[in-house]
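Visitor: Contents are mmCIF, C-alpha atoms and all ligand atoms; file name structure.cif:
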```
data_run
#
loop_
_atom_site.label_atom_id
_atom_site.label_comp_id
_atom_site.auth_asym_id
_atom_site.auth_seq_id
_atom_site.Cartn_x
_atom_site.Cartn_y
_atom_site.Cartn_z
CA MET A 1 -28.19 15.55 -26.48
CA GLY A 2 -27.73 19.34 -26.18
CA ILE A 3 -24.64 19.05 -24.03
CA LYS A 4 -22.80 16.53 -26.17
CA HIS A 5 -20.60 19.22 -27.75
CA LEU A 6 -19.76 20.63 -24.29
CA VAL A 7 -18.76 17.20 -23.01
CA ALA A 8 -16.70 16.68 -26.18
CA LYS A 9 -14.72 19.86 -25.42
CA ALA A 10 -13.64 18.52 -22.04
CA ALA A 11 -13.31 14.89 -23.04
CA CYS A 12 -10.06 13.13 -23.65
CA PHE A 13 -9.65 9.72 -25.30
CA GLN A 14 -8.66 6.70 -23.33
CA VAL A 15 -5.64 5.42 -25.25
CA GLY A 16 -6.40 1.67 -25.25
CA ASN A 17 -4.16 -0.02 -27.82
CA GLY A 18 -3.73 3.24 -29.74
CA ALA A 19 -4.90 1.91 -33.08
CA SER A 20 -8.02 4.11 -33.28
CA ILE A 21 -6.29 7.36 -32.28
CA ARG A 22 -4.98 9.95 -34.79
CA ILE A 23 -1.92 11.46 -33.13
CA TRP A 24 -2.23 15.02 -34.44
CA SER A 25 -6.01 15.49 -34.47
CA ASP A 26 -7.55 13.47 -31.64
CA PRO A 27 -7.57 14.60 -27.99
CA TRP A 28 -5.48 11.96 -26.21
CA ILE A 29 -2.86 13.65 -23.98
CA PRO A 30 -4.43 14.66 -20.64
CA ASN A 31 -2.14 17.63 -19.83
CA PHE A 32 -2.09 19.34 -23.22
CA PRO A 33 -4.38 22.26 -24.15
CA GLY A 34 -7.44 20.67 -25.73
CA PHE A 35 -5.66 17.36 -25.16
CA ILE A 36 -4.22 17.58 -28.72
CA PRO A 37 -0.46 17.81 -29.39
CA THR A 38 0.92 20.37 -31.86
CA PRO A 39 1.86 18.62 -35.15
CA LYS A 40 5.49 18.52 -36.17
CA GLU A 41 6.22 20.19 -39.49
CA GLY A 42 5.27 17.91 -42.37
CA ALA A 43 3.68 15.37 -40.04
CA ASN A 44 1.21 12.89 -41.49
CA SER A 45 -2.11 14.06 -40.04
CA ASP A 46 -3.58 10.60 -40.39
CA LEU A 47 -0.87 8.92 -38.33
CA ALA A 48 -2.33 6.47 -35.81
CA LEU A 49 -0.95 5.94 -32.34
CA VAL A 50 0.33 2.43 -32.92
CA LEU A 51 3.74 1.94 -31.46
CA GLN A 52 5.80 -0.50 -33.41
CA ASN A 53 7.98 -2.33 -30.98
CA PRO A 54 8.48 -5.84 -29.64
CA GLY A 55 6.21 -4.96 -26.70
CA CYS A 56 3.14 -5.15 -28.93
CA SER A 57 3.75 -8.75 -29.81
CA LEU A 58 4.47 -9.54 -26.20
CA LEU A 59 1.27 -7.77 -25.25
CA ASN A 60 -0.67 -10.10 -27.52
CA LEU A 61 1.25 -12.99 -26.08
CA LEU A 62 0.39 -11.87 -22.55
CA ILE A 63 -3.29 -11.41 -23.27
CA GLY A 64 -3.60 -14.71 -25.03
CA SER A 65 -1.14 -16.64 -22.94
CA ARG A 66 -2.06 -19.51 -20.71
CA GLU A 67 -0.33 -17.80 -17.80
CA TRP A 68 -2.46 -14.71 -18.15
CA PHE A 69 -5.78 -16.51 -18.20
CA LEU A 70 -4.77 -18.70 -15.28
CA LEU A 71 -4.50 -15.65 -13.07
CA PRO A 72 -7.24 -15.24 -10.48
CA PRO A 73 -9.66 -12.40 -11.36
CA ILE A 74 -8.15 -10.11 -8.71
CA LEU A 75 -4.71 -10.57 -10.23
CA MET A 76 -5.95 -10.01 -13.77
CA LEU A 77 -7.47 -6.74 -12.63
CA THR A 78 -4.33 -5.65 -10.80
CA CYS A 79 -2.11 -6.60 -13.69
CA CYS A 80 -3.90 -4.42 -16.24
CA PRO A 81 -1.19 -1.69 -16.05
CA LEU A 82 1.40 -4.32 -16.96
CA LYS A 83 -0.24 -4.83 -20.33
CA ARG A 84 0.23 -1.14 -21.09
CA ILE A 85 3.82 -1.24 -19.86
CA ALA A 86 4.57 -4.34 -21.98
CA ALA A 87 3.34 -2.53 -25.07
CA ASN A 88 5.12 0.69 -24.06
CA LEU A 89 1.79 2.48 -24.16
CA LEU A 90 2.09 4.45 -20.95
CA PRO A 91 2.43 8.16 -21.78
CA SER A 92 5.84 8.61 -20.16
CA LYS A 93 7.68 11.86 -20.85
CA GLU A 94 9.89 10.05 -23.35
CA ILE A 95 6.82 9.01 -25.35
CA ILE A 96 5.10 12.40 -25.09
CA SER A 97 8.27 14.24 -26.11
CA ARG A 98 7.96 12.73 -29.57
CA PHE A 99 5.12 15.21 -30.02
CA ASN A 100 6.46 18.09 -27.92
CA GLU A 101 10.20 18.59 -28.24
CA SER A 102 10.43 21.44 -25.72
CA MET A 103 9.13 19.62 -22.66
CA ASP A 104 11.11 18.92 -19.50
CA LEU A 105 12.10 15.27 -19.77
CA ARG A 106 13.35 14.76 -16.23
CA CYS A 107 11.80 12.05 -14.09
CA PRO A 108 9.59 13.84 -11.53
CA LEU A 109 10.50 11.33 -8.83
CA CYS A 110 14.30 11.68 -8.91
CA ASN A 111 14.85 14.73 -11.16
CA SER A 112 18.08 13.15 -12.32
CA ALA A 113 17.34 11.13 -15.45
CA MET A 114 15.06 11.10 -18.47
CA GLU A 115 11.68 9.63 -17.64
CA THR A 116 11.26 6.49 -19.70
CA THR A 117 8.91 3.65 -18.85
CA LEU A 118 11.86 1.45 -17.93
CA HIS A 119 13.46 4.15 -15.81
CA ILE A 120 10.41 4.91 -13.75
CA PHE A 121 9.62 1.29 -12.85
CA THR A 122 13.10 -0.19 -12.54
CA VAL A 123 16.19 2.01 -12.21
CA CYS A 124 14.82 5.27 -10.83
CA PRO A 125 16.27 5.49 -7.28
CA PHE A 126 12.68 5.66 -6.06
CA ALA A 127 11.69 2.37 -7.75
CA LYS A 128 15.03 0.74 -6.94
CA SER A 129 14.52 1.37 -3.27
CA LEU A 130 10.99 -0.08 -3.37
CA TRP A 131 12.17 -3.24 -5.14
CA PHE A 132 15.04 -3.64 -2.71
CA GLN A 133 12.72 -3.25 0.29
CA SER A 134 10.47 -6.01 -1.02
CA GLN A 135 10.69 -9.51 0.41
CA TRP A 136 12.77 -10.52 -2.63
CA GLY A 137 15.39 -7.80 -1.98
CA LEU A 138 15.85 -7.23 -5.73
CA LYS A 139 18.58 -5.01 -7.18
CA MET A 140 16.85 -3.91 -10.36
CA ASP A 141 19.82 -1.98 -11.75
CA VAL A 142 21.83 -5.18 -12.23
CA LEU A 143 19.10 -6.82 -14.30
CA ASN A 144 19.63 -4.45 -17.24
CA PHE A 145 16.34 -4.75 -19.07
CA ASP A 146 16.43 -3.72 -22.72
CA SER A 147 12.76 -2.83 -23.03
CA PRO A 148 9.59 -2.50 -20.99
CA SER A 149 8.34 -5.76 -22.49
CA GLU A 150 11.43 -7.55 -21.17
CA PHE A 151 10.71 -6.12 -17.73
CA VAL A 152 7.12 -7.42 -17.82
CA LYS A 153 8.37 -10.78 -19.06
CA PHE A 154 10.64 -10.86 -16.01
CA LEU A 155 7.64 -10.23 -13.74
CA LEU A 156 5.83 -13.15 -15.37
CA SER A 157 8.84 -15.48 -15.24
CA PRO A 158 11.41 -14.18 -12.78
CA THR A 159 14.83 -15.51 -13.70
CA PHE A 160 15.96 -15.72 -10.08
CA ALA A 161 13.04 -17.94 -9.10
CA SER A 162 13.25 -21.13 -11.15
CA ASN A 163 12.32 -23.16 -8.06
CA PHE A 164 9.34 -20.97 -7.14
CA SER A 165 5.99 -22.70 -6.80
CA PRO A 166 3.18 -21.37 -9.03
CA SER A 167 1.68 -19.54 -6.05
CA HIS A 168 5.02 -17.84 -5.28
CA ARG A 169 5.31 -16.74 -8.90
CA GLU A 170 1.81 -15.40 -8.72
CA GLU A 171 2.72 -13.45 -5.58
CA PHE A 172 5.75 -11.96 -7.26
CA LEU A 173 3.69 -10.91 -10.26
CA LEU A 174 1.04 -9.43 -7.99
CA PHE A 175 3.66 -7.44 -6.09
CA GLY A 176 5.21 -6.17 -9.34
CA ALA A 177 1.83 -5.14 -10.73
CA ILE A 178 0.89 -3.28 -7.54
CA LEU A 179 4.30 -1.59 -7.36
CA CYS A 180 4.01 -0.34 -10.96
CA ASP A 181 0.46 0.83 -10.46
CA VAL A 182 1.29 2.74 -7.26
CA ILE A 183 4.46 4.29 -8.73
CA TRP A 184 2.57 5.46 -11.81
CA LYS A 185 -0.19 7.03 -9.71
CA GLN A 186 2.38 8.75 -7.46
CA ARG A 187 4.25 9.99 -10.52
CA ASN A 188 1.00 11.48 -11.85
CA ARG A 189 0.25 13.14 -8.51
CA SER A 190 3.74 14.58 -8.46
CA ILE A 191 3.35 16.06 -11.96
CA PHE A 192 -0.28 17.15 -11.94
CA GLU A 193 -0.91 17.96 -8.27
CA ASN A 194 2.61 19.02 -7.20
CA VAL A 195 2.46 16.54 -4.34
CA ASP A 196 5.76 15.67 -2.65
CA ILE A 197 6.30 11.94 -2.69
CA ASN A 198 7.11 10.21 0.56
CA LEU A 199 9.04 6.99 -0.11
CA GLU A 200 8.09 5.42 3.21
CA GLY A 201 4.41 6.16 2.68
CA VAL A 202 4.54 4.68 -0.82
CA ALA A 203 6.36 1.56 0.43
CA ALA A 204 3.75 1.10 3.14
CA LYS A 205 0.92 1.55 0.63
CA ILE A 206 2.38 -1.01 -1.77
CA PHE A 207 2.91 -3.49 1.01
CA SER A 208 -0.54 -3.14 2.49
CA LEU A 209 -2.19 -3.43 -0.96
CA PHE A 210 -0.07 -6.52 -1.59
CA VAL A 211 -1.16 -8.17 1.67
CA GLU A 212 -4.79 -7.19 1.08
CA HIS A 213 -4.87 -8.58 -2.46
CA LYS A 214 -2.93 -11.69 -1.49
CA SER A 215 -5.36 -12.55 1.23
CA ALA A 216 -8.35 -11.73 -0.96
CA ARG A 217 -10.64 -14.71 -1.24
CA PRO A 218 -13.93 -15.27 -3.01
CA PRO A 219 -16.59 -13.57 -0.89
CA LEU A 220 -17.68 -15.72 1.99
CA VAL A 221 -21.15 -15.68 3.45
CA ARG A 222 -20.51 -13.72 6.62
CA PRO A 223 -22.91 -13.70 9.53
CA GLN A 224 -24.75 -10.40 9.74
CA VAL A 225 -23.40 -8.36 12.63
CA SER A 226 -25.29 -5.24 13.59
CA LEU A 227 -23.22 -2.13 14.29
CA ALA A 228 -24.73 -1.99 17.77
CA ALA A 229 -23.06 -5.30 18.56
CA LEU A 230 -19.66 -3.85 17.65
CA GLY A 231 -17.56 -2.20 20.29
CA TRP A 232 -14.97 -3.05 22.88
CA ASN A 233 -15.40 -6.54 24.29
CA SER A 234 -14.07 -7.60 27.66
CA PRO A 235 -11.41 -10.30 27.96
CA PRO A 236 -12.27 -13.59 29.71
CA ARG A 237 -12.44 -13.57 33.52
CA HIS A 238 -8.97 -13.15 35.06
CA GLY A 239 -7.63 -12.13 31.67
CA LEU A 240 -6.47 -8.75 30.42
CA LYS A 241 -6.86 -6.96 27.14
CA ILE A 242 -4.34 -4.46 25.76
CA ASN A 243 -5.71 -2.22 23.04
CA VAL A 244 -2.97 -0.56 21.01
CA ASP A 245 -2.84 2.11 18.35
CA ALA A 246 -0.49 4.64 16.82
CA ALA A 247 -0.68 8.14 15.38
CA VAL A 248 1.83 9.00 12.67
CA GLY A 249 3.04 12.58 12.59
CA PRO A 250 5.16 14.42 10.02
CA LYS A 251 8.43 14.05 12.00
CA PHE A 252 7.74 11.40 14.60
CA SER A 253 4.89 9.22 15.77
CA VAL A 254 3.15 8.28 18.99
CA ILE A 255 2.12 4.83 20.17
CA ALA A 256 -0.49 4.19 22.84
CA THR A 257 -1.63 1.22 24.93
CA VAL A 258 -4.73 0.83 27.08
CA THR A 259 -4.80 -2.25 29.34
CA ARG A 260 -8.12 -3.24 30.92
CA ASP A 261 -9.38 -6.18 32.95
CA TRP A 262 -12.47 -8.27 32.37
CA ARG A 263 -14.61 -5.70 34.20
CA GLY A 264 -13.44 -2.94 31.85
CA ARG A 265 -11.32 -1.31 34.56
CA VAL A 266 -8.16 0.39 33.37
CA VAL A 267 -5.00 -1.29 34.67
CA PHE A 268 -2.45 0.73 32.72
CA THR A 269 -2.61 3.38 30.05
CA GLY A 270 0.28 5.16 28.44
CA SER A 271 1.77 6.68 25.32
CA ARG A 272 5.28 7.00 23.94
CA LYS A 273 7.05 8.91 21.21
CA VAL A 274 8.76 6.81 18.50
CA ASN A 275 11.21 8.21 15.99
CA THR A 276 9.76 6.79 12.81
CA THR A 277 7.00 7.85 10.48
CA PHE A 278 6.82 4.55 8.61
CA PRO A 279 3.23 3.49 9.42
CA LEU A 280 3.78 -0.27 9.53
CA GLN A 281 6.86 0.12 11.70
CA VAL A 282 4.99 2.39 14.11
CA GLU A 283 2.14 -0.13 14.39
CA ALA A 284 4.59 -3.00 14.92
CA GLU A 285 6.42 -0.96 17.59
CA VAL A 286 3.24 -0.52 19.57
CA VAL A 287 2.65 -4.27 19.55
CA ARG A 288 6.21 -4.75 20.76
CA TRP A 289 5.55 -2.33 23.62
CA ALA A 290 2.36 -4.18 24.57
CA LEU A 291 4.17 -7.52 24.59
CA THR A 292 6.92 -6.17 26.87
CA LEU A 293 4.17 -5.39 29.41
CA VAL A 294 2.98 -9.01 29.47
CA PRO A 295 5.52 -10.52 31.97
CA ASP A 296 4.48 -7.99 34.64
CA LEU A 297 0.76 -8.42 34.20
CA ARG A 298 0.46 -11.77 36.01
CA CYS A 299 -2.88 -12.90 34.65
CA ASP A 300 -4.32 -16.00 33.00
CA SER A 301 -4.38 -14.64 29.47
CA VAL A 302 -3.54 -11.49 27.53
CA SER A 303 -5.22 -10.38 24.35
CA VAL A 304 -3.55 -7.60 22.34
CA GLU A 305 -5.88 -5.87 19.89
CA ILE A 306 -4.83 -3.62 17.02
CA ASP A 307 -6.91 -2.09 14.24
CA SER A 308 -4.26 -2.56 11.54
CA GLN A 309 -5.20 -5.75 9.72
CA VAL A 310 -1.88 -5.83 7.91
CA VAL A 311 0.25 -5.69 11.06
CA ALA A 312 -1.96 -8.14 12.98
CA ASN A 313 -1.62 -10.55 10.08
CA LEU A 314 2.13 -10.04 9.82
CA ILE A 315 2.72 -10.74 13.49
CA SER A 316 0.32 -13.58 14.08
CA ASN A 317 0.69 -15.44 10.78
CA SER A 318 4.20 -16.75 10.27
CA SER A 319 3.47 -17.77 6.67
CA VAL A 320 3.15 -14.11 5.65
CA PRO A 321 6.56 -12.82 4.49
CA PRO A 322 7.39 -9.66 6.43
CA LEU A 323 8.28 -6.40 4.74
CA TRP A 324 12.06 -5.99 4.52
CA ARG A 325 11.95 -2.80 6.57
CA ILE A 326 10.35 -4.45 9.61
CA ARG A 327 11.52 -7.99 9.03
CA PHE A 328 13.56 -8.30 12.24
CA LEU A 329 10.88 -6.66 14.34
CA CYS A 330 8.30 -9.13 12.98
CA PHE A 331 10.59 -12.10 13.67
CA ASP A 332 11.10 -10.85 17.26
CA LEU A 333 7.38 -10.46 17.82
CA ARG A 334 6.55 -13.85 16.32
CA SER A 335 9.18 -15.54 18.43
CA PHE A 336 7.86 -13.77 21.55
CA LEU A 337 4.33 -14.90 20.77
CA SER A 338 5.38 -18.50 20.17
CA SER A 339 6.96 -18.59 23.65
CA TYR A 340 3.68 -17.61 25.37
CA SER A 341 0.68 -19.88 25.02
CA ASN A 342 -1.65 -17.40 26.73
CA VAL A 343 -0.96 -14.31 24.58
CA VAL A 344 -2.67 -13.54 21.28
CA VAL A 345 -2.46 -10.57 18.92
CA SER A 346 -5.58 -9.99 16.87
CA TRP A 347 -7.20 -7.44 14.61
CA VAL A 348 -10.34 -5.54 15.60
CA PRO A 349 -12.22 -2.84 13.68
CA ARG A 350 -11.43 0.74 14.69
CA ILE A 351 -14.80 0.99 16.41
CA CYS A 352 -13.59 -1.59 18.96
CA ASN A 353 -10.29 0.23 19.54
CA GLU A 354 -11.44 3.77 20.23
CA ALA A 355 -9.67 4.36 23.56
CA ALA A 356 -6.18 3.54 22.23
CA HIS A 357 -6.90 5.44 19.03
CA ILE A 358 -7.94 8.62 20.84
CA LEU A 359 -5.04 8.40 23.29
CA ALA A 360 -2.46 8.13 20.48
CA LYS A 361 -4.00 11.07 18.58
CA TRP A 362 -4.31 13.17 21.72
CA SER A 363 -0.68 12.53 22.74
CA LEU A 364 0.61 13.35 19.26
CA PHE A 365 -1.40 16.56 19.07
CA TRP A 366 -0.28 17.83 22.51
CA LYS A 367 3.20 16.24 22.29
CA PHE A 368 2.51 14.83 25.73
CA TYR A 369 3.55 11.26 26.54
CA GLY A 370 3.82 9.01 29.58
CA SER A 371 1.58 6.83 31.71
CA PHE A 372 -1.72 8.36 32.60
CA ASP A 373 -4.50 8.07 35.08
CA VAL A 374 -7.80 7.38 33.37
CA SER A 375 -9.13 10.79 34.42
CA PHE A 376 -6.16 12.68 32.94
CA SER A 377 -8.15 14.20 30.13
CA SER A 378 -11.78 14.19 30.99
CA ASP A 379 -12.64 15.86 27.69
CA CYS A 380 -11.58 13.04 25.40
CA PHE A 381 -10.23 9.85 26.94
CA SER A 382 -12.25 8.98 30.04
CA PRO A 383 -15.69 9.29 28.36
CA ILE A 384 -14.59 6.72 25.77
CA VAL A 385 -13.29 4.29 28.39
CA LEU A 386 -16.54 4.72 30.32
CA ARG A 387 -18.63 4.24 27.20
CA GLU A 388 -16.71 1.14 26.15
CA SER A 389 -16.96 -0.38 29.64
CA SER A 390 -20.65 0.46 29.94
CA GLY A 391 -21.37 -1.79 26.98
CA LEU A 392 -20.35 -4.74 29.15
CA VAL A 393 -22.99 -7.01 30.55
ZN ZN B 401 13.63 8.80 -11.59
#
```
Take the structure from the file and write it as C-alpha cells.

Guide:
Amino acid sequence: MGIKHLVAKAACFQVGNGASIRIWSDPWIPNFPGFIPTPKEGANSDLALVLQNPGCSLLNLLIGSREWFLLPPILMLTCCPLKRIAANLLPSKEIISRFNESMDLRCPLCNSAMETTLHIFTVCPFAKSLWFQSQWGLKMDVLNFDSPSEFVKFLLSPTFASNFSPSHREEFLLFGAILCDVIWKQRNRSIFENVDINLEGVAAKIFSLFVEHKSARPPLVRPQVSLAALGWNSPPRHGLKINVDAAVGPKFSVIATVTRDWRGRVVFTGSRKVNTTFPLQVEAEVVRWALTLVPDLRCDSVSVEIDSQVVANLISNSSVPPLWRIRFLCFDLRSFLSSYSNVVVSWVPRICNEAAHILAKWSLFWKFYGSFDVSFSSDCFSPIVLRESSGLV
C-alpha cells in the first residue's frame, strides 16, 4: 500500500488499443522522461490515443475473423504483434514524432529512411533481406503496401499463394509473425541498448524460432528420464558414432568431429576453421564434414550426432523447407544420406555431445585446428572422452 506511489512513478502504461490513454497526461511512451510526452501548443489535454485509420477496422476483423480463431494457440500467441501492426499501434518513430517534433526519425536499422511501421517490417533493407532469405524468397519492395493493415492482410492471405494448402498459409503467417516480432525486438535493442544488429544472427534466430514453433505439438506424455541416464551412448557393435559440434566466433567459426567405436575408443578427432559466422551454416558444415568421413570408415553403421535440433531436423527430414541461405547444402546432405542406408544424423542434448562441444570451443579459443590425438590436451578434452566412455557398460 505504502509503495503504490513509488511504483506509480516508475510505471508506464501498456498501450493496448489506446482508447483508455490520454495522450498528454498519461505515462505511455517508455523512453520519455516520466513516460509523458510534452503537449503541443493548444493541444486538447483530454485527447485519447485512438488512431483513426483503416487498420482499426481490420484489427477488429482480424480478432473476430474465422481465420484468426482457427489458428492453433501457439500461432495466436505468436501473432499478437500483428494485431498491433494492423492497427498501426506500434510506437514507431513516425507515430511518436506526432508528439515530439524534434526527434531523430531515421530507422535505427538502416539509418537511411524514416522509421514507419511499414518501412521497418517491409522495405527497410534489413527486413527486405530477411524476407528474401525466407523459403518464399519474397521481394517485399515490389509489393507496395499502402498501409500496415494491408501488409498484415497480405500475411493472412498471401496473394502469391492462391494454391497454398491451409497448413502452408498457416506456416507463412507464422513466419511473418515471428519475423515482425524479432525485428521489433532487435529495433528496440538497437535504440535502447545501443546493440549492433547482426543480420545473420537475426536470420538464424527467426529461422530457428520458426522451426521450433512449426514443430510444436500439444505436450506429449514423455517417459521420465533421469539426468544420470543421460550422457554419451555407444553405437551398436561394429558401428561408429561421430559427434559433431561448432563454435561460432566473431570473424570465423570452428567445427569439430569426434569419432568413436562401440567401446568408446576414439578413432578420429579433429577440428577445422570455416569462414562463416552464420550459426546454421556452421552447424550444417560440420555435418557435411562428418559425412565425408563415412566412406573411409568401413563399418556396419555410422551415427552422426549433433546438438542443434534445428539442423538435425533440416537434414534428416526432407519435408522441412530449408533456409534459403543453406538450401543447397541441405539438399546435398539429404541426397548423401538417402544414398547410404547405414548412416543416420540425429539430435542429442548437449550433455550427450560434450567431447565435440569442448573440442570446438577449445580450437576456436586457441585458434588451433587439425586432427588430434586424444591426449593432446589433457586439461580439457581427454577427461571428457574418458568420462563419457566410462559410462559404458
Ligand atoms: Zn530501415

Visitor: Between atom CA of Pro81 of chain A and atom CA of Ile178 of chain A, measure the distance and give it in Å to one decimal.

Guide: 8.9 Å

Visitor: Have a look at atom CA of Asp141 of chain A and atom CA of Ala113 of chain A and let me know their distance in Å, one decimal.

Guide: 13.8 Å

Visitor: Collect all residues with atoms no farther than 7 Å from ligand ZN 401 (chain B), counting all atoms listed in the file, and output them as an MDAnalysis selection string.

Guide: chainID A and resid 107:113 115 119:120 124:126

Visitor: With all atoms listed in the file as the atoms that count, which of A:Pro279, A:Gly176, A:Pro250, A:Gly239 lies nearest to Lys205 of chain A?

Guide: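 Distance minimum relative to Lys205 of chain A lands on A:Pro279.
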
Visitor: Let me make sure I understand: among A:Gly370, A:Pro158, A:Gly231, A:Gly249, which one has the smallest atom-to-atom distance to Gly201 of chain A if we use all atoms listed in the file?

Guide: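 Under the stated criterion, the closest residue is A:Gly249.
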
Visitor: Please identify all polymer residues lying at most 12 Å from the point (12.8, 1.8, -6.6) (file coordinates), using all atoms listed in the file, and present the result as a PyMOL selection string.

Guide: chain A and resi 109-110+118-134+137-141+176+179-180+182-183+199-200+202-203+206

Visitor: Would you mind exporting C-alpha atoms of the selected residues as a PDB file, in the coordinates of the input?

Guide:
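Output file part-v3.pdb follows:
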```
ATOM      1  CA  LEU A 109      10.500  11.330  -8.830  1.00  0.00           C
ATOM      2  CA  CYS A 110      14.300  11.680  -8.910  1.00  0.00           C
ATOM      3  CA  LEU A 118      11.860   1.450 -17.930  1.00  0.00           C
ATOM      4  CA  HIS A 119      13.460   4.150 -15.810  1.00  0.00           C
ATOM      5  CA  ILE A 120      10.410   4.910 -13.750  1.00  0.00           C
ATOM      6  CA  PHE A 121       9.620   1.290 -12.850  1.00  0.00           C
ATOM      7  CA  THR A 122      13.100  -0.190 -12.540  1.00  0.00           C
ATOM      8  CA  VAL A 123      16.190   2.010 -12.210  1.00  0.00           C
ATOM      9  CA  CYS A 124      14.820   5.270 -10.830  1.00  0.00           C
ATOM     10  CA  PRO A 125      16.270   5.490  -7.280  1.00  0.00           C
ATOM     11  CA  PHE A 126      12.680   5.660  -6.060  1.00  0.00           C
ATOM     12  CA  ALA A 127      11.690   2.370  -7.750  1.00  0.00           C
ATOM     13  CA  LYS A 128      15.030   0.740  -6.940  1.00  0.00           C
ATOM     14  CA  SER A 129      14.520   1.370  -3.270  1.00  0.00           C
ATOM     15  CA  LEU A 130      10.990  -0.080  -3.370  1.00  0.00           C
ATOM     16  CA  TRP A 131      12.170  -3.240  -5.140  1.00  0.00           C
ATOM     17  CA  PHE A 132      15.040  -3.640  -2.710  1.00  0.00           C
ATOM     18  CA  GLN A 133      12.720  -3.250   0.290  1.00  0.00           C
ATOM     19  CA  SER A 134      10.470  -6.010  -1.020  1.00  0.00           C
ATOM     20  CA  GLY A 137      15.390  -7.800  -1.980  1.00  0.00           C
ATOM     21  CA  LEU A 138      15.850  -7.230  -5.730  1.00  0.00           C
ATOM     22  CA  LYS A 139      18.580  -5.010  -7.180  1.00  0.00           C
ATOM     23  CA  MET A 140      16.850  -3.910 -10.360  1.00  0.00           C
ATOM     24  CA  ASP A 141      19.820  -1.980 -11.750  1.00  0.00           C
ATOM     25  CA  GLY A 176       5.210  -6.170  -9.340  1.00  0.00           C
ATOM     26  CA  LEU A 179       4.300  -1.590  -7.360  1.00  0.00           C
ATOM     27  CA  CYS A 180       4.010  -0.340 -10.960  1.00  0.00           C
ATOM     28  CA  VAL A 182       1.290   2.740  -7.260  1.00  0.00           C
ATOM     29  CA  ILE A 183       4.460   4.290  -8.730  1.00  0.00           C
ATOM     30  CA  LEU A 199       9.040   6.990  -0.110  1.00  0.00           C
ATOM     31  CA  GLU A 200       8.090   5.420   3.210  1.00  0.00           C
ATOM     32  CA  VAL A 202       4.540   4.680  -0.820  1.00  0.00           C
ATOM     33  CA  ALA A 203       6.360   1.560   0.430  1.00  0.00           C
ATOM     34  CA  ILE A 206       2.380  -1.010  -1.770  1.00  0.00           C
TER      35      ILE A 206
END
```
